[in-house]
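Data block below; observations after.
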Amino acid sequence: MKTNKGLTLAYWVIVALMLVLGAIGLYWRLTFGHRLANYGQLIVWGLWVAMYIYFIGLSAGAFLISALVYAFGVERFRPIARLALFTALVSLLVALLHIWFDLGHMARFYEVYTRPNFLSMMAWMVWLYTGYFILLLVEFWFETRQDFVRWSKEPGLTGAISRLLTLGSKDLSASSRARDEKVVKVLGTIGVPLAVMFHGGVGALFGVVSARPAWHSGLFPLIFLVSALVSGGGLLTAIYALLAPNRGTAEYQSLVRDLGKLVLGLVLLDALFTFAEYSIALYGSIPGDVAPLLAAMTGPFWYVFWIGQVGLGVVVPVVLLGWNRTNRNPFWVGVAGLSVVFAFVGVRLNIVVPPLSVPELRGLVQAVPSARMTTLYVPGAMEWFLSIGIIGLGMGLYALGYNLLPVKPQAAKEA
Amino acid sequence: MARWGMVIDLDKCFACQSCTVACRMENNTPVAGPDQASRGRAILWNEVLPFVEGEYPNVTMTFIPRPCQHCDNPPCIKVCPVKATYKNEEGIVLIDYDRCIGCRFCTVACPYQVRYFNWYRPEWPEALKEHLNPDPEVAPRPKGVVEKCTFCIQRLRKARQKAEAEGRPFNPTDYVPACVQTCTGHARYFGDLDDPDSLVSQLAASPRAFRLLEEMGTEPKVYYLKQG
């Protein structure tokens with residue numbers, strides 16, 4: 001209990017520090033615009049776009065795992081279904097904040113609603129995740145409504161928040177619960193194609209760009225979907241394995257094992273997709289196709305690929321989840337999940353940055369032998385600080401929600 | 001309706017870069033100091049690029065002046081989420097600076113790398129400020145939007161106004177972008193590609209003519225005449 005308190009305090013101290021850095025980053029961003037960012041003429045998208053696709057992937061992945069329960073009735077994962085929904089909500093918020101700050105004109109985002117160009121994957125993406133956001137909120141409300149009604153009698157903050165979130169509803173009858181479940185099932189089912197479309201759409205946003213051969217592949221939207229499931233699954237597994245309130249019970253042990261198997265399968269599937277993408281392009285030897293991949297594998301940030309993407313993203317989880325000395329131990333299963341969660345930051349950076357460092361006009365970089373056509377991108381302090389702040393905000397909201405909302409992993413009989 | 005296009009004779013271009021300077025003065029593109037330039041923030045709507053091929057001692061260098069290619073099938077327009085960039089009825093690819101949200105998707109999608117993001121509010125040294133082009137159509141763009149070559153579209157408007165004021169019909173040869181007008185080697189030609197009698201359409205049909213990244217299907221309206 002003591003260590004738990006210490007850990008909780010440490011968590012909040014870290015969140016507070018992150019928010020302080022974020023405040024500095026926010027001040028710089030709002031005062032100097034993009035002037036302090038390190039992306040440039042060649043690499044025009046950077047850390048924030050990578051973080052955006054990272055968190056939107058976590059969101060889609062977590063949502064699809066909740067849909068296993070709500071849409072497909074896989075009761076096995078019921079204890080983490082609500083947590084998955086809540087994770088999807090918070091990750092989506094963190095993702096949208098990142099991409100919003102990346103816009104040159106933040107105040108003009110409404111143009112995507114008032115004058116959309118439906119030939120643009122970006123417009124589709126915005127419309128689809130707006131629908132997804134609304135669906136998440138409504139689904140989450142119907143799923144937790146009765147708990148809010150029950151909790152609203154509690155004293156303190158929990159009661160106050162719950163009273164607010166009941167939105168006036170007081171019905172605790174079994175028939176109203178049955179109605180809620182029906183609504184949740186319908187919304188969860190609608191959410192599946194929606195999540196597939198919007199996250200596949202994010203992949204397609206990159207995939208349709210014929211000027212970037214490393215993105216321009218039919219596999220790209222599919223890789224995005226699989227990698228969303230891996231990272232979302234990894235995050236939920238880590239949270240459940242390391243934080244579940246019913247640690248030590250047989251039920252917990254067996255669910256952690258099953259989550260581990262799920263993540264292992266997804267990691268292998270994602271590795272297969274990535275291998276297909278890389279090996280086919282490398283074998284083909286077309287310079288424009290090969291250069292961005294080599295930039296990721298042998299460029300100045302080779303370790304993001306080899307240590308991050310391959311090591312932490314594939315080798316570590318495959319060993320920890322495959323070896324029967326570790327895959328029965330919830331701690332190591334949780335570590336495997338965390339490893340995947342960290343590795344995917346590298347995966348996302350490698351999706352965004354190296355392909356942008358290779359212009360389609362061959363020889364362009366050599367033709368402009370000055371720093372302004374630099375192929376090297378290292379995020380600047382403003383980019384890091386703002387991103388850290390947004391993630392800190394997400395972590396703070398997540399911890400608040402985890403403690404104040406009915407989202408904690410539940411034992412199956414309670415649920 | 002004209003379909004405006006440009007032909008650049010690489011045999012005549014000697015890379016003096018006066019087109020780059022003329023473009024800058026005509027269109028008020030901001031200068032970048034050493035710090036911002038080193039971050040890749042220089043805005044050059046029309047740059048003369050020296051493409052080097054081969055290894056020493058067998059090296060050849062080809063100078064390619066690169067304005068916006070004004071593609072007939074522009075990849076930048078398809079990807080813009082808010083229709084801020086568009087092709088007008090005369091084939092010129094333009095940007096509505098009041099609508100652009102600054103997402104830079106078009107910059108990523110353009111295979112010619114001719115689209116420039118305004119990373120900061122444009123600045124000029126005092127001496128240069130006095131020489132800004134007062135035409136409101138080329139008023140300095142705000143920070144946070146993407147800009148690029150427009151074939152000096154403001155000159156088309158002026159040419160039409162002038163013809164009207166002089167009480168004569170507008171002639172396509174009245175419209176000359178700044179880079180074409182200033183080209184010291186007379187390497188640049190401009191006109192209506194749909195007019196079979198125009199010089200540009202005849203040159204574009206020359207066996208020496210080629211376009212950049214033709215295989216991408218973007219159908220650029222800037223043609224080059226091969227060296228040699």
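Ordering of the structure tokens sets the chain letters (A, B, ...), residue numbers begin anew at 1 in every chain, and ligands are numbered from 1 in the order given.
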
*Check every residue of chain A for an atom within 9 Å of chain B, counting only C-alpha atoms, and provide those that qualify as a ChimeraX atom specification.*
/A:32-45,99,102-109,111-124,126,205,208-212,356,359-364,366-368,370-374

Would you output that residue set with C-alpha atoms, as a compact mmCIF listing (two decimals), in the first residue's frame?
# COMPACT_ATOMS: atom_id res chain seq x y z
CA PHE A 32 6.52 32.37 -32.20
CA GLY A 33 4.26 30.17 -34.32
CA HIS A 34 6.28 27.54 -36.13
CA ARG A 35 9.46 29.61 -36.06
CA LEU A 36 11.09 27.45 -33.37
CA ALA A 37 10.05 24.13 -34.89
CA ASN A 38 12.78 22.12 -36.57
CA TYR A 39 10.82 20.78 -39.49
CA GLY A 40 11.63 22.66 -42.69
CA GLN A 41 11.16 22.81 -46.44
CA LEU A 42 11.92 19.16 -47.10
CA ILE A 43 10.69 17.53 -43.91
CA VAL A 44 7.54 19.59 -43.40
CA TRP A 45 5.91 17.24 -40.95
CA ILE A 99 -2.48 17.85 -34.87
CA ASP A 102 0.62 21.49 -36.01
CA LEU A 103 -1.75 23.56 -38.16
CA GLY A 104 -0.40 26.86 -39.46
CA HIS A 105 -3.78 28.45 -38.80
CA MET A 106 -5.28 26.78 -35.77
CA ALA A 107 -8.37 28.99 -35.77
CA ARG A 108 -9.31 27.88 -39.28
CA PHE A 109 -9.85 24.19 -38.52
CA GLU A 111 -13.01 25.13 -42.63
CA VAL A 112 -12.74 21.35 -42.81
CA TYR A 113 -16.39 21.22 -41.73
CA THR A 114 -17.71 24.20 -43.67
CA ARG A 115 -15.83 23.66 -46.95
CA PRO A 116 -14.60 20.09 -47.02
CA ASN A 117 -12.92 18.64 -50.07
CA PHE A 118 -14.05 15.05 -50.08
CA LEU A 119 -11.33 14.13 -52.53
CA SER A 120 -8.91 14.76 -49.68
CA MET A 121 -8.21 11.92 -47.29
CA MET A 122 -7.57 14.53 -44.64
CA ALA A 123 -11.12 15.88 -44.92
CA TRP A 124 -12.47 12.32 -44.68
CA VAL A 126 -11.55 14.77 -39.85
CA LEU A 205 -3.80 9.79 -46.08
CA VAL A 208 -2.38 8.19 -51.52
CA VAL A 209 0.67 10.45 -51.75
CA SER A 210 2.27 9.23 -54.96
CA ALA A 211 5.09 11.75 -54.52
CA ARG A 212 6.33 9.66 -51.56
CA LEU A 356 9.93 13.04 -46.32
CA PRO A 359 12.48 14.24 -52.51
CA GLU A 360 10.95 12.79 -55.66
CA LEU A 361 13.09 15.08 -57.81
CA ARG A 362 16.30 13.10 -57.69
CA GLY A 363 19.36 15.19 -56.98
CA LEU A 364 17.38 18.01 -55.39
CA GLN A 366 22.58 17.78 -53.81
CA ALA A 367 21.41 20.64 -56.01
CA VAL A 368 20.88 22.81 -52.96
CA SER A 370 23.02 24.28 -48.05
CA ALA A 371 21.41 23.64 -44.72
CA ARG A 372 18.05 24.74 -46.02
CA MET A 373 17.54 21.47 -47.89
CA THR A 374 18.53 19.49 -44.83

*asked:* as a list in words, please: every residue in region 302-347 of chain A that DSSP puts in alpha helix (DSSP H).
replied: Trp302, Tyr303, Val316, Pro317, Val318, Val319, Leu320, Leu321, Gly322, Pro330, Phe331, Trp332, Val333, Gly334, Val335, Ala336, Gly337, Leu338, Ser339, Val340, Val341, Phe342, Ala343, Phe344, Val345, Gly346 and Val347 of chain A

Store the residues picked out above in a file with N, CA and C atoms, as a JSON list (two decimals), in the first residue's frame.
[["chain", "number", "residue", "atom", "x", "y", "z"],
["A", 302, "TRP", "N", 19.38, 5.18, -37.01],
["A", 302, "TRP", "CA", 19.22, 3.74, -37.22],
["A", 302, "TRP", "C", 18.68, 3.05, -35.97],
["A", 303, "TYR", "N", 19.03, 3.59, -34.81],
["A", 303, "TYR", "CA", 18.61, 2.91, -33.58],
["A", 303, "TYR", "C", 17.11, 3.00, -33.33],
["A", 316, "VAL", "N", 11.59, -8.01, -27.96],
["A", 316, "VAL", "CA", 11.27, -8.06, -26.52],
["A", 316, "VAL", "C", 9.88, -8.65, -26.28],
["A", 317, "PRO", "N", 8.82, -8.12, -26.93],
["A", 317, "PRO", "CA", 7.51, -8.72, -26.64],
["A", 317, "PRO", "C", 7.40, -10.18, -27.08],
["A", 318, "VAL", "N", 8.05, -10.54, -28.20],
["A", 318, "VAL", "CA", 7.94, -11.93, -28.65],
["A", 318, "VAL", "C", 8.62, -12.86, -27.64],
["A", 319, "VAL", "N", 9.78, -12.44, -27.12],
["A", 319, "VAL", "CA", 10.46, -13.27, -26.12],
["A", 319, "VAL", "C", 9.62, -13.33, -24.84],
["A", 320, "LEU", "N", 9.22, -12.16, -24.34],
["A", 320, "LEU", "CA", 8.52, -12.14, -23.05],
["A", 320, "LEU", "C", 7.16, -12.85, -23.12],
["A", 321, "LEU", "N", 6.51, -12.73, -24.27],
["A", 321, "LEU", "CA", 5.17, -13.31, -24.37],
["A", 321, "LEU", "C", 5.21, -14.73, -24.93],
["A", 322, "GLY", "N", 6.33, -15.10, -25.52],
["A", 322, "GLY", "CA", 6.43, -16.43, -26.11],
["A", 322, "GLY", "C", 7.07, -17.43, -25.15],
["A", 330, "PRO", "N", 2.50, -12.04, -14.74],
["A", 330, "PRO", "CA", 1.84, -10.80, -15.19],
["A", 330, "PRO", "C", 2.79, -9.61, -15.28],
["A", 331, "PHE", "N", 3.80, -9.58, -14.42],
["A", 331, "PHE", "CA", 4.72, -8.45, -14.47],
["A", 331, "PHE", "C", 5.40, -8.39, -15.84],
["A", 332, "TRP", "N", 5.90, -9.53, -16.30],
["A", 332, "TRP", "CA", 6.62, -9.53, -17.58],
["A", 332, "TRP", "C", 5.67, -9.31, -18.75],
["A", 333, "VAL", "N", 4.44, -9.80, -18.60],
["A", 333, "VAL", "CA", 3.46, -9.53, -19.66],
["A", 333, "VAL", "C", 3.22, -8.02, -19.75],
["A", 334, "GLY", "N", 3.11, -7.39, -18.56],
["A", 334, "GLY", "CA", 2.93, -5.94, -18.53],
["A", 334, "GLY", "C", 4.11, -5.22, -19.14],
["A", 335, "VAL", "N", 5.32, -5.71, -18.83],
["A", 335, "VAL", "CA", 6.53, -5.10, -19.39],
["A", 335, "VAL", "C", 6.52, -5.23, -20.92],
["A", 336, "ALA", "N", 6.10, -6.39, -21.40],
["A", 336, "ALA", "CA", 6.02, -6.59, -22.85],
["A", 336, "ALA", "C", 5.07, -5.57, -23.47],
["A", 337, "GLY", "N", 3.93, -5.35, -22.80],
["A", 337, "GLY", "CA", 2.97, -4.36, -23.29],
["A", 337, "GLY", "C", 3.59, -2.97, -23.34],
["A", 338, "LEU", "N", 4.28, -2.61, -22.26],
["A", 338, "LEU", "CA", 4.91, -1.29, -22.20],
["A", 338, "LEU", "C", 5.97, -1.14, -23.29],
["A", 339, "SER", "N", 6.72, -2.21, -23.50],
["A", 339, "SER", "CA", 7.76, -2.20, -24.52],
["A", 339, "SER", "C", 7.17, -1.86, -25.89],
["A", 340, "VAL", "N", 6.03, -2.49, -26.19],
["A", 340, "VAL", "CA", 5.35, -2.22, -27.45],
["A", 340, "VAL", "C", 4.90, -0.76, -27.51],
["A", 341, "VAL", "N", 4.33, -0.29, -26.39],
["A", 341, "VAL", "CA", 3.82, 1.08, -26.35],
["A", 341, "VAL", "C", 4.94, 2.08, -26.66],
["A", 342, "PHE", "N", 6.12, 1.86, -26.07],
["A", 342, "PHE", "CA", 7.25, 2.76, -26.33],
["A", 342, "PHE", "C", 7.76, 2.61, -27.76],
["A", 343, "ALA", "N", 7.86, 1.37, -28.20],
["A", 343, "ALA", "CA", 8.42, 1.11, -29.53],
["A", 343, "ALA", "C", 7.61, 1.82, -30.61],
["A", 344, "PHE", "N", 6.31, 1.92, -30.40],
["A", 344, "PHE", "CA", 5.48, 2.47, -31.47],
["A", 344, "PHE", "C", 5.67, 3.97, -31.69],
["A", 345, "VAL", "N", 6.24, 4.65, -30.70],
["A", 345, "VAL", "CA", 6.59, 6.05, -30.96],
["A", 345, "VAL", "C", 7.63, 6.07, -32.09],
["A", 346, "GLY", "N", 8.60, 5.14, -32.01],
["A", 346, "GLY", "CA", 9.61, 5.03, -33.06],
["A", 346, "GLY", "C", 9.01, 4.63, -34.39],
["A", 347, "VAL", "N", 8.05, 3.70, -34.34],
["A", 347, "VAL", "CA", 7.40, 3.26, -35.57],
["A", 347, "VAL", "C", 6.76, 4.46, -36.27]]

_Top pick for closest residue to Arg29 (chain A), considering A:Phe101, A:Ala195, A:Arg163, A:Arg257 and counting only C-alpha atoms_ = A:Phe101

*Excluding Val15 (chain A) and residues on its chain fewer than 2 positions from it, collect all residues at most 9 Å away from it, counting only C-alpha atoms, and give them as a list of chain:residue names.*
A:Ala10, A:Tyr11, A:Trp12, A:Val13, A:Leu17, A:Met18, A:Leu19, A:Val20, A:Gly389, A:Ile391, A:Gly392, A:Leu393, A:Met395, A:Gly396

Write the residues you've just listed into a file as a PDB file, in the first residue's frame, and include N, CA and C atoms for each of them.
ATOM      1  N   ALA A  10       4.639   9.854  -7.215  1.00  0.00           N
ATOM      2  CA  ALA A  10       5.641  10.008  -8.276  1.00  0.00           C
ATOM      3  C   ALA A  10       4.950  10.288  -9.607  1.00  0.00           C
ATOM      4  N   TYR A  11       3.862   9.560  -9.868  1.00  0.00           N
ATOM      5  CA  TYR A  11       3.121   9.736 -11.120  1.00  0.00           C
ATOM      6  C   TYR A  11       2.650  11.183 -11.251  1.00  0.00           C
ATOM      7  N   TRP A  12       2.071  11.705 -10.167  1.00  0.00           N
ATOM      8  CA  TRP A  12       1.533  13.064 -10.249  1.00  0.00           C
ATOM      9  C   TRP A  12       2.644  14.104 -10.342  1.00  0.00           C
ATOM     10  N   VAL A  13       3.780  13.823  -9.696  1.00  0.00           N
ATOM     11  CA  VAL A  13       4.909  14.751  -9.830  1.00  0.00           C
ATOM     12  C   VAL A  13       5.369  14.780 -11.284  1.00  0.00           C
ATOM     13  N   LEU A  17       5.376  17.979 -13.776  1.00  0.00           N
ATOM     14  CA  LEU A  17       6.558  18.450 -14.500  1.00  0.00           C
ATOM     15  C   LEU A  17       6.291  18.512 -16.006  1.00  0.00           C
ATOM     16  N   MET A  18       5.598  17.486 -16.489  1.00  0.00           N
ATOM     17  CA  MET A  18       5.278  17.465 -17.920  1.00  0.00           C
ATOM     18  C   MET A  18       4.408  18.656 -18.295  1.00  0.00           C
ATOM     19  N   LEU A  19       3.473  18.970 -17.406  1.00  0.00           N
ATOM     20  CA  LEU A  19       2.584  20.099 -17.695  1.00  0.00           C
ATOM     21  C   LEU A  19       3.354  21.419 -17.673  1.00  0.00           C
ATOM     22  N   VAL A  20       4.347  21.520 -16.795  1.00  0.00           N
ATOM     23  CA  VAL A  20       5.157  22.742 -16.757  1.00  0.00           C
ATOM     24  C   VAL A  20       5.916  22.894 -18.080  1.00  0.00           C
ATOM     25  N   GLY A 389       3.888  18.142 -22.843  1.00  0.00           N
ATOM     26  CA  GLY A 389       2.786  18.749 -22.101  1.00  0.00           C
ATOM     27  C   GLY A 389       1.446  18.140 -22.472  1.00  0.00           C
ATOM     28  N   ILE A 391       0.933  15.170 -23.707  1.00  0.00           N
ATOM     29  CA  ILE A 391       0.892  13.796 -23.178  1.00  0.00           C
ATOM     30  C   ILE A 391       0.659  13.844 -21.661  1.00  0.00           C
ATOM     31  N   GLY A 392       1.305  14.827 -20.993  1.00  0.00           N
ATOM     32  CA  GLY A 392       1.095  14.986 -19.553  1.00  0.00           C
ATOM     33  C   GLY A 392      -0.366  15.270 -19.244  1.00  0.00           C
ATOM     34  N   LEU A 393      -0.980  16.108 -20.066  1.00  0.00           N
ATOM     35  CA  LEU A 393      -2.400  16.413 -19.891  1.00  0.00           C
ATOM     36  C   LEU A 393      -3.222  15.131 -20.028  1.00  0.00           C
ATOM     37  N   MET A 395      -2.148  12.075 -19.564  1.00  0.00           N
ATOM     38  CA  MET A 395      -1.884  11.190 -18.424  1.00  0.00           C
ATOM     39  C   MET A 395      -2.630  11.658 -17.182  1.00  0.00           C
ATOM     40  N   GLY A 396      -2.700  12.990 -17.009  1.00  0.00           N
ATOM     41  CA  GLY A 396      -3.429  13.534 -15.871  1.00  0.00           C
ATOM     42  C   GLY A 396      -4.909  13.207 -15.967  1.00  0.00           C
TER      43      GLY A 396
END

*Find the residues around Gly228 (chain B) up to 10 Å (only C-alpha atoms counted), leave out those fewer than 4 positions away in its own chain, and share them as a list in words.*
Leu10, Asp11 and Arg208 of chain B

_I need the residues in region 24-212 of chain B that are strand (DSSP E or B) according to DSSP; give them as a PyMOL selection string._
chain B and resi 47-53+60-66+85-87+93-95+116-117+146-147+188-192+209-210

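Here CA of Glu139 (chain A) and CA of Val69 (chain A) stand 12.9 Å from one another.
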
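Distance-wise, CA of Gln227 (chain B) and CA of Asp9 (chain B) end up 7.7 Å apart.
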
*Distance CA of Val230 (chain A)-CA of Tyr54 (chain A), one decimal place?*
11.3 Å

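Within 9 Å of Asn133 (chain B), once only C-alpha atoms are used and residues closer than 3 positions along the same chain are dropped, the contacting residues are Met25, Glu26, Asn27, Asn28, Glu130, Pro136, Val138 and Ala139 of chain B.
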
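Excluding Val290 (chain A) itself and same-chain residues fewer than 6 positions from it, the residues having an atom within 10 Å of it are A:Pro213, A:Ala214, A:Tyr278, A:Ser279, A:Ile280, A:Ala281, A:Leu282, A:Tyr283, A:Gly284, A:Pro355, A:Val358, counting only C-alpha atoms.
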